[in-house]
Structures are given as C-alpha cells and as structure tokens.
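Everything below concerns the one structure shown next.
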Amino acid sequence: MTYCLAITLDDGLVLASDSRTNAGADQVAMYSKMHTFELEKERVFVLLTAGNLATSQAVLARIKRDIEDEAEESLHSVRGLSDAAAYLGRINREEREKHEETLTKAGFSADASFILGGQIGSQKPEIYLVYPQGNFITTSSHTRFLQIGESKYGKPILDRIIARETSLGDATRCALVSIDSTMRSNVTVGPPIEVIVYERDTLTFEHYLCLDADDDYLMDLKRAWDDNIRRAFQDLPRFDWESNRGRKRRGTQLATLRTLNKKTTKKD
C-alpha cells in the first residue's frame, strides 16, 4: 500500500508521497513513488504512483522511452494537462491488460493509479488522478486535493485546512501532517517522505524535500502537532455534569435514569 497526495492552490502545487511498497513481518521494501519530467522553461510534470509496482514501473518506462524516441505523443508533445492525463491513462490501461489475467489467477491485482501534476507554458497548473481503467478526474472549486492509496487517515486534516488561497508553506505542512497521521495508523505507509512544492509559472522545480523518519524537521513537526492536538482536546467544551462531581449529583442522575427505565417498561 502507499499514500500519495497532491494539492492545487492559487500559488501553485504541493505533491507528497511516502516510499513504502511492502511491509511484512520480515520484509520492508521502499521505492520512490515521485517522478519528475521537465522540459526547460516550457513544461514540468510530477508523477505519483500507487498500486502494482510492476505496472507502474512499466508505465514509467514507456513514458521515458516515448520522450527519448521523440514519439508523436509524449509528455513533451501533449498540448495540455488533460491531454497528458489521457495519454497516461491509455498507457496505464495497456500495461495493466498485459498481465491482468495471469496476476488475477495468482490472486494479485495488476491495477496502478497515478496522480499527474504540472504546468505547460502559460496554462494554469493542474493535477489529475488517473485510474487503472484509463479514465481520470481533476480538482474542483470545492475539492482542492487528490489522493491515491491509503487515503482515509490523512483526509480529515486536508478537509479542514486546504482552500484555494492557502499558502504553499501551510499546504506543505498540512501534507506532511496528513502523511504522518496515515503512517501512525497504517504500517504499510512509511518514510522517506518526498515533497515537491511547485510555484506557479516558474516552470522549474526549486523546492524538494526527502524526509527520513528521524529527520529533525519531521520530528519537530510531529511533536508540535501532537502537543497542539492534546491542548486543543483539553480546551473542548465541558459537559454540564462535569462541573459537579459530588455524590448527590450522581445519585440524582441515577434516580432519573431509573425513573425513565420504569416509564419505558410500563409503556412496553
């Protein structure tokens, strides 16, 4: 399993991924799931991968080969990000279908999903989620982020914080907290954590992070988040019955409950 996410903002994009591909009792495997493609001052792409590793590596190999061979259709020739997503979807579907029958019989899935983000020329930066079947979706005014892999644990913080006007720095911290929350709840998601922050219209990658489990910044972020979560929890509104813990109050509550139970019994 894995967890990758991408966020689109007024100021640019934030993309993050973990690096764990397998977590068994005696084997932990790690591969980078973040891949970049750049045509200087013309276009930039970031590709995040999840799912069957063989399928995703085959897709990556074809993308690189098409660029090297100057194929008619490649990431260097597509006109827009949606065209790039369609191109990626077609390759993904073709590679999956090559091995799907054999893997299914063996009890495995050949499915792989991708998040593609970037910018072409003066077009706006965009992100797309490409499914194993080859179709894809993008963000909306209400949903500013996309996720693949083990997404449920890291989604609440994104729902609460991310908006189109969120700064790139805040979005990056939010992405790291989202991945940390997922790692705490699911052993199949693990470091190193990779993050790329893309500033709109720069057409180059200037901000990249690769954080191991013992990275000083990541440790500080975890401690600060934990401390503030505990503090926020302690500041939650109290119940009325917490203000009076005397025996009389508890007795009154018990008597009230008995009375309600008797009334319910009579009605039945």
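By order in the structure tokens, chains are A, B, ...; within a chain, residues start at 1; ligands start at 1, following the order shown.
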
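For stretch 155-166 of chain A, the set of protein, DNA and RNA residues having any atom at most 7 Å away, when counting only C-alpha atoms and skipping those fewer than 6 positions along the same chain, is Leu9, Asp10, Arg144, Cys174 and Ser178 of chain A.
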
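The protein and nucleic acid residues lying at most 8 Å from A:Phe114 are Leu47, Leu48, Thr49, Ala50, Leu129, Val130, Tyr131 and Ile148 of chain A, with only C-alpha atoms considered and sequence neighbours fewer than 5 positions away removed.
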
Taking N, CA and C atoms for each residue, export the selection above as a short mmCIF file (atom, residue, chain, number, x, y, z; two decimals), in the first residue's frame.
data_model
loop_
_atom_site.label_atom_id
_atom_site.label_comp_id
_atom_site.auth_asym_id
_atom_site.auth_seq_id
_atom_site.Cartn_x
_atom_site.Cartn_y
_atom_site.Cartn_z
N LEU A 47 4.83 13.01 -11.34
CA LEU A 47 4.00 11.82 -11.39
C LEU A 47 4.14 11.05 -10.10
N LEU A 48 3.02 10.80 -9.43
CA LEU A 48 2.97 10.00 -8.21
C LEU A 48 2.31 8.66 -8.53
N THR A 49 2.83 7.58 -7.97
CA THR A 49 2.34 6.24 -8.33
C THR A 49 1.85 5.47 -7.11
N ALA A 50 0.85 4.63 -7.32
CA ALA A 50 0.33 3.74 -6.28
C ALA A 50 -0.22 2.49 -6.94
N LEU A 129 -6.02 12.76 -11.32
CA LEU A 129 -5.94 11.40 -10.80
C LEU A 129 -6.33 10.47 -11.93
N VAL A 130 -5.42 9.55 -12.30
CA VAL A 130 -5.65 8.63 -13.41
C VAL A 130 -5.89 7.23 -12.84
N TYR A 131 -7.03 6.65 -13.18
CA TYR A 131 -7.44 5.35 -12.65
C TYR A 131 -6.86 4.20 -13.49
N ILE A 148 -4.28 9.13 -3.60
CA ILE A 148 -4.29 7.74 -4.04
C ILE A 148 -3.66 6.89 -2.94
#

Margin query: Restricting the calculation to only C-alpha atoms: of A:Arg173, A:Lys152, A:Arg43, A:His76, which residue gets closest to A:Trp225?
Written below: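 Comparing A:Arg173, A:Lys152, A:Arg43, A:His76 against A:Trp225, the winner is A:Arg173.
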
Report as a short mmCIF file (atom, residue, chain, number, x, y, z; two decimals) with N, CA, C and O atoms, in the first residue's frame all protein, DNA and RNA residues lying within 10 Å of A:Asn92, evaluated on only C-alpha atoms, omitting residues in the same chain fewer than 2 positions from it.
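The result, stored in around-v2.cif:
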data_model
loop_
_atom_site.label_atom_id
_atom_site.label_comp_id
_atom_site.auth_asym_id
_atom_site.auth_seq_id
_atom_site.Cartn_x
_atom_site.Cartn_y
_atom_site.Cartn_z
N THR A 55 3.40 -2.76 -12.72
CA THR A 55 2.63 -1.97 -13.68
C THR A 55 3.11 -0.53 -13.71
O THR A 55 3.31 0.05 -14.80
N SER A 56 3.28 0.07 -12.54
CA SER A 56 3.70 1.48 -12.50
C SER A 56 5.10 1.66 -13.11
O SER A 56 5.36 2.64 -13.80
N ALA A 58 6.42 -0.23 -15.47
CA ALA A 58 6.26 -0.41 -16.92
C ALA A 58 5.72 0.87 -17.56
O ALA A 58 6.16 1.27 -18.65
N VAL A 59 4.77 1.51 -16.88
CA VAL A 59 4.22 2.78 -17.39
C VAL A 59 5.30 3.85 -17.43
O VAL A 59 5.45 4.57 -18.42
N LEU A 60 6.10 3.94 -16.38
CA LEU A 60 7.19 4.92 -16.33
C LEU A 60 8.20 4.67 -17.45
O LEU A 60 8.69 5.61 -18.09
N ARG A 62 7.69 3.32 -20.35
CA ARG A 62 7.12 3.73 -21.64
C ARG A 62 7.11 5.24 -21.79
O ARG A 62 7.37 5.77 -22.88
N ALA A 86 -4.85 11.88 -20.38
CA ALA A 86 -5.41 10.89 -21.30
C ALA A 86 -4.32 9.98 -21.84
O ALA A 86 -4.51 8.75 -21.97
N TYR A 87 -3.17 10.54 -22.18
CA TYR A 87 -2.02 9.77 -22.65
C TYR A 87 -1.56 8.79 -21.58
O TYR A 87 -1.35 7.60 -21.84
N LEU A 88 -1.43 9.26 -20.35
CA LEU A 88 -1.03 8.40 -19.24
C LEU A 88 -2.06 7.31 -18.99
O LEU A 88 -1.71 6.14 -18.75
N GLY A 89 -3.34 7.64 -19.07
CA GLY A 89 -4.40 6.66 -18.86
C GLY A 89 -4.36 5.54 -19.88
O GLY A 89 -4.58 4.37 -19.55
N ARG A 90 -4.08 5.89 -21.13
CA ARG A 90 -4.02 4.87 -22.18
C ARG A 90 -2.86 3.91 -21.92
O ARG A 90 -3.02 2.67 -22.01
N GLU A 94 -3.14 -0.16 -21.04
CA GLU A 94 -2.48 -1.15 -21.89
C GLU A 94 -1.52 -2.03 -21.09
O GLU A 94 -1.47 -3.25 -21.27
N GLU A 95 -0.75 -1.43 -20.19
CA GLU A 95 0.20 -2.20 -19.39
C GLU A 95 -0.52 -3.11 -18.39
O GLU A 95 -0.09 -4.23 -18.14
N ARG A 96 -1.63 -2.63 -17.85
CA ARG A 96 -2.39 -3.45 -16.91
C ARG A 96 -2.97 -4.67 -17.62
O ARG A 96 -2.93 -5.79 -17.09
N GLU A 97 -3.50 -4.47 -18.81
CA GLU A 97 -4.15 -5.56 -19.53
C GLU A 97 -3.17 -6.65 -19.95
O GLU A 97 -3.55 -7.80 -20.14
N ASP A 111 -3.58 -3.57 -10.99
CA ASP A 111 -4.02 -2.18 -11.02
C ASP A 111 -2.94 -1.22 -10.49
O ASP A 111 -2.28 -1.50 -9.48
N ALA A 112 -2.83 -0.09 -11.14
CA ALA A 112 -1.98 1.01 -10.67
C ALA A 112 -2.73 2.31 -10.91
O ALA A 112 -3.43 2.46 -11.91
N SER A 113 -2.58 3.23 -9.96
CA SER A 113 -3.19 4.56 -10.08
C SER A 113 -2.09 5.61 -10.05
O SER A 113 -1.02 5.39 -9.47
N PHE A 114 -2.38 6.75 -10.66
CA PHE A 114 -1.38 7.81 -10.74
C PHE A 114 -2.01 9.17 -10.44
O PHE A 114 -3.18 9.39 -10.71
N VAL A 130 -5.42 9.55 -12.30
CA VAL A 130 -5.65 8.63 -13.41
C VAL A 130 -5.89 7.23 -12.84
O VAL A 130 -5.06 6.69 -12.10
N TYR A 131 -7.03 6.65 -13.18
CA TYR A 131 -7.44 5.35 -12.65
C TYR A 131 -6.86 4.20 -13.49
O TYR A 131 -6.42 4.41 -14.64
N PRO A 132 -6.88 2.96 -12.95
CA PRO A 132 -6.37 1.81 -13.70
C PRO A 132 -7.08 1.60 -15.03
O PRO A 132 -6.48 1.09 -15.98
N GLN A 133 -8.36 1.98 -15.11
CA GLN A 133 -9.13 1.79 -16.35
C GLN A 133 -8.78 2.83 -17.42
O GLN A 133 -9.25 2.74 -18.56
N GLY A 134 -7.99 3.83 -17.05
CA GLY A 134 -7.55 4.83 -18.01
C GLY A 134 -8.29 6.15 -17.94
O GLY A 134 -7.85 7.15 -18.51
N ASN A 135 -9.43 6.19 -17.26
CA ASN A 135 -10.15 7.45 -17.10
C ASN A 135 -9.51 8.28 -15.98
O ASN A 135 -8.67 7.78 -15.22
#

Closest contacts (stretch 15-112 of chain A/stretch 186-207 of chain A, max 7 Å, only C-alpha atoms) as JSON lines:
{"residue": "A:Leu15", "atom": "CA", "partner": "A:Ile196", "partner_atom": "CA", "distance": 5.3}
{"residue": "A:Ala16", "atom": "CA", "partner": "A:Val195", "partner_atom": "CA", "distance": 4.3}
{"residue": "A:Ser17", "atom": "CA", "partner": "A:Glu194", "partner_atom": "CA", "distance": 5.4}
{"residue": "A:Asp18", "atom": "CA", "partner": "A:Ile193", "partner_atom": "CA", "distance": 4.6}
{"residue": "A:Ser19", "atom": "CA", "partner": "A:Pro191", "partner_atom": "CA", "distance": 5.6}
{"residue": "A:Arg20", "atom": "CA", "partner": "A:Gly190", "partner_atom": "CA", "distance": 5.2}
{"residue": "A:Asn22", "atom": "CA", "partner": "A:Thr188", "partner_atom": "CA", "distance": 6.4}
{"residue": "A:Ala23", "atom": "CA", "partner": "A:Thr188", "partner_atom": "CA", "distance": 5.3}
{"residue": "A:Lys41", "atom": "CA", "partner": "A:Leu203", "partner_atom": "CA", "distance": 5.4}
{"residue": "A:Glu42", "atom": "CA", "partner": "A:Leu203", "partner_atom": "CA", "distance": 6.5}
{"residue": "A:Arg43", "atom": "CA", "partner": "A:Leu203", "partner_atom": "CA", "distance": 5.9}
{"residue": "A:Val44", "atom": "CA", "partner": "A:Leu203", "partner_atom": "CA", "distance": 5.9}

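Close contacts of A:Leu168, defined as residues with an atom at most 8 Å away when counting only C-alpha atoms, with chain neighbours fewer than 2 positions off set aside, comprise Leu9, Asp11, Gly12, Leu13, Val14, Thr166, Asp170, Ala171, Thr172 and Val197 of chain A.
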
Take the residues that were just selected and, keeping all heavy atoms, output them as a JSON list (two decimals), in the first residue's frame.
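Contents of the output file result-v4.json:
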[["chain", "number", "residue", "atom", "x", "y", "z"],
["A", 9, "LEU", "N", -3.39, 25.05, -5.60],
["A", 9, "LEU", "CA", -3.64, 26.32, -4.92],
["A", 9, "LEU", "C", -3.49, 27.48, -5.89],
["A", 9, "LEU", "O", -2.97, 27.30, -7.01],
["A", 9, "LEU", "CB", -2.64, 26.50, -3.76],
["A", 9, "LEU", "CG", -2.52, 25.33, -2.78],
["A", 9, "LEU", "CD1", -1.20, 25.43, -2.02],
["A", 9, "LEU", "CD2", -3.69, 25.33, -1.83],
["A", 11, "ASP", "N", -1.35, 29.72, -5.67],
["A", 11, "ASP", "CA", 0.08, 29.98, -5.84],
["A", 11, "ASP", "C", 0.87, 28.84, -6.46],
["A", 11, "ASP", "O", 2.07, 28.98, -6.70],
["A", 11, "ASP", "CB", 0.71, 30.33, -4.48],
["A", 11, "ASP", "CG", 0.18, 31.64, -3.91],
["A", 11, "ASP", "OD1", -0.28, 32.48, -4.71],
["A", 11, "ASP", "OD2", 0.25, 31.82, -2.69],
["A", 12, "GLY", "N", 0.22, 27.69, -6.68],
["A", 12, "GLY", "CA", 0.96, 26.59, -7.27],
["A", 12, "GLY", "C", 0.45, 25.24, -6.81],
["A", 12, "GLY", "O", -0.73, 25.07, -6.50],
["A", 13, "LEU", "N", 1.38, 24.27, -6.72],
["A", 13, "LEU", "CA", 1.04, 22.89, -6.39],
["A", 13, "LEU", "C", 1.93, 22.37, -5.27],
["A", 13, "LEU", "O", 3.09, 22.77, -5.15],
["A", 13, "LEU", "CB", 1.22, 21.98, -7.61],
["A", 13, "LEU", "CG", 0.54, 22.37, -8.92],
["A", 13, "LEU", "CD1", 0.99, 21.42, -10.03],
["A", 13, "LEU", "CD2", -0.97, 22.34, -8.78],
["A", 14, "VAL", "N", 1.37, 21.45, -4.48],
["A", 14, "VAL", "CA", 2.14, 20.71, -3.49],
["A", 14, "VAL", "C", 1.84, 19.23, -3.73],
["A", 14, "VAL", "O", 0.67, 18.83, -3.74],
["A", 14, "VAL", "CB", 1.78, 21.10, -2.05],
["A", 14, "VAL", "CG1", 2.51, 20.20, -1.05],
["A", 14, "VAL", "CG2", 2.13, 22.56, -1.79],
["A", 166, "THR", "N", -4.89, 29.01, 0.43],
["A", 166, "THR", "CA", -3.89, 28.53, 1.38],
["A", 166, "THR", "C", -2.49, 28.73, 0.80],
["A", 166, "THR", "O", -2.25, 28.52, -0.39],
["A", 166, "THR", "CB", -4.10, 27.03, 1.66],
["A", 166, "THR", "OG1", -5.43, 26.82, 2.14],
["A", 166, "THR", "CG2", -3.11, 26.52, 2.69],
["A", 170, "ASP", "N", 1.87, 26.57, 4.20],
["A", 170, "ASP", "CA", 0.84, 25.93, 5.02],
["A", 170, "ASP", "C", 0.37, 24.63, 4.39],
["A", 170, "ASP", "O", 0.13, 23.64, 5.10],
["A", 170, "ASP", "CB", -0.35, 26.87, 5.21],
["A", 170, "ASP", "CG", -0.06, 27.97, 6.22],
["A", 170, "ASP", "OD1", 0.92, 27.85, 6.98],
["A", 170, "ASP", "OD2", -0.83, 28.96, 6.25],
["A", 171, "ALA", "N", 0.22, 24.61, 3.09],
["A", 171, "ALA", "CA", -0.22, 23.40, 2.41],
["A", 171, "ALA", "C", 0.82, 22.29, 2.53],
["A", 171, "ALA", "O", 0.48, 21.11, 2.68],
["A", 171, "ALA", "CB", -0.50, 23.69, 0.94],
["A", 172, "THR", "N", 2.09, 22.65, 2.50],
["A", 172, "THR", "CA", 3.16, 21.66, 2.65],
["A", 172, "THR", "C", 3.15, 21.07, 4.05],
["A", 172, "THR", "O", 3.26, 19.85, 4.23],
["A", 172, "THR", "CB", 4.52, 22.29, 2.36],
["A", 172, "THR", "OG1", 4.51, 22.86, 1.04],
["A", 172, "THR", "CG2", 5.64, 21.26, 2.45],
["A", 197, "VAL", "N", 7.26, 21.20, -3.96],
["A", 197, "VAL", "CA", 6.44, 22.42, -3.95],
["A", 197, "VAL", "C", 6.73, 23.16, -5.24],
["A", 197, "VAL", "O", 7.87, 23.57, -5.50],
["A", 197, "VAL", "CB", 6.79, 23.31, -2.73],
["A", 197, "VAL", "CG1", 5.90, 24.55, -2.72],
["A", 197, "VAL", "CG2", 6.62, 22.52, -1.43]]

To test your reading of the structure, identify every residue in stretch 103-240 of chain A that backbone DSSP assigns to strand (DSSP E or B), and report it as a PDB file with C-alpha atoms, in the first residue's frame.
ATOM      1  CA  ALA A 112      -1.982   1.007 -10.667  1.00  0.00           C
ATOM      2  CA  SER A 113      -3.190   4.558 -10.085  1.00  0.00           C
ATOM      3  CA  PHE A 114      -1.377   7.812 -10.744  1.00  0.00           C
ATOM      4  CA  ILE A 115      -1.542  11.479  -9.835  1.00  0.00           C
ATOM      5  CA  LEU A 116      -0.175  13.742 -12.533  1.00  0.00           C
ATOM      6  CA  GLY A 117       0.538  17.381 -11.776  1.00  0.00           C
ATOM      7  CA  GLY A 118       2.336  20.192 -13.522  1.00  0.00           C
ATOM      8  CA  GLN A 119       2.115  23.137 -15.882  1.00  0.00           C
ATOM      9  CA  ILE A 120       2.523  23.650 -19.621  1.00  0.00           C
ATOM     10  CA  GLU A 126      -3.337  21.366 -12.691  1.00  0.00           C
ATOM     11  CA  ILE A 127      -3.455  17.937 -11.084  1.00  0.00           C
ATOM     12  CA  TYR A 128      -5.209  14.793 -12.347  1.00  0.00           C
ATOM     13  CA  LEU A 129      -5.936  11.402 -10.805  1.00  0.00           C
ATOM     14  CA  VAL A 130      -5.647   8.626 -13.406  1.00  0.00           C
ATOM     15  CA  PHE A 136      -9.274  10.405 -14.903  1.00  0.00           C
ATOM     16  CA  ILE A 137     -10.563  13.263 -12.758  1.00  0.00           C
ATOM     17  CA  THR A 138      -9.255  16.653 -11.702  1.00  0.00           C
ATOM     18  CA  PHE A 145      -6.677  17.987  -3.441  1.00  0.00           C
ATOM     19  CA  LEU A 146      -6.445  14.444  -4.808  1.00  0.00           C
ATOM     20  CA  GLN A 147      -5.277  11.264  -3.051  1.00  0.00           C
ATOM     21  CA  ILE A 148      -4.287   7.738  -4.035  1.00  0.00           C
ATOM     22  CA  GLY A 149      -3.515   4.735  -1.854  1.00  0.00           C
ATOM     23  CA  ILE A 193       8.527  11.178   2.681  1.00  0.00           C
ATOM     24  CA  GLU A 194       9.059  13.122  -0.542  1.00  0.00           C
ATOM     25  CA  VAL A 195       7.548  16.549  -1.188  1.00  0.00           C
ATOM     26  CA  ILE A 196       7.710  18.860  -4.179  1.00  0.00           C
ATOM     27  CA  VAL A 197       6.442  22.418  -3.945  1.00  0.00           C
ATOM     28  CA  TYR A 198       5.865  23.997  -7.342  1.00  0.00           C
ATOM     29  CA  GLU A 199       5.474  27.772  -7.606  1.00  0.00           C
ATOM     30  CA  HIS A 207      11.635  23.162  -3.579  1.00  0.00           C
ATOM     31  CA  TYR A 208      12.116  19.441  -2.919  1.00  0.00           C
ATOM     32  CA  LEU A 209      12.173  17.601   0.409  1.00  0.00           C
ATOM     33  CA  CYS A 210      13.086  13.999   1.221  1.00  0.00           C
ATOM     34  CA  LEU A 211      12.479  13.349   4.921  1.00  0.00           C
TER      35      LEU A 211
END

Checklist line | atom CA of A:Glu70 to atom CA of A:Ala85, straight-line distance in Å | finding: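 Taking atom CA of A:Ala85 and atom CA of A:Glu70, their separation equals 18.3 Å.
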
Margin query: Just list as a ChimeraX atom specification whatever in stretch 41-178 of chain A DSSP marks as helix (DSSP H, G or I).
Written below: /A:53-68,81-105,155-161,168-178
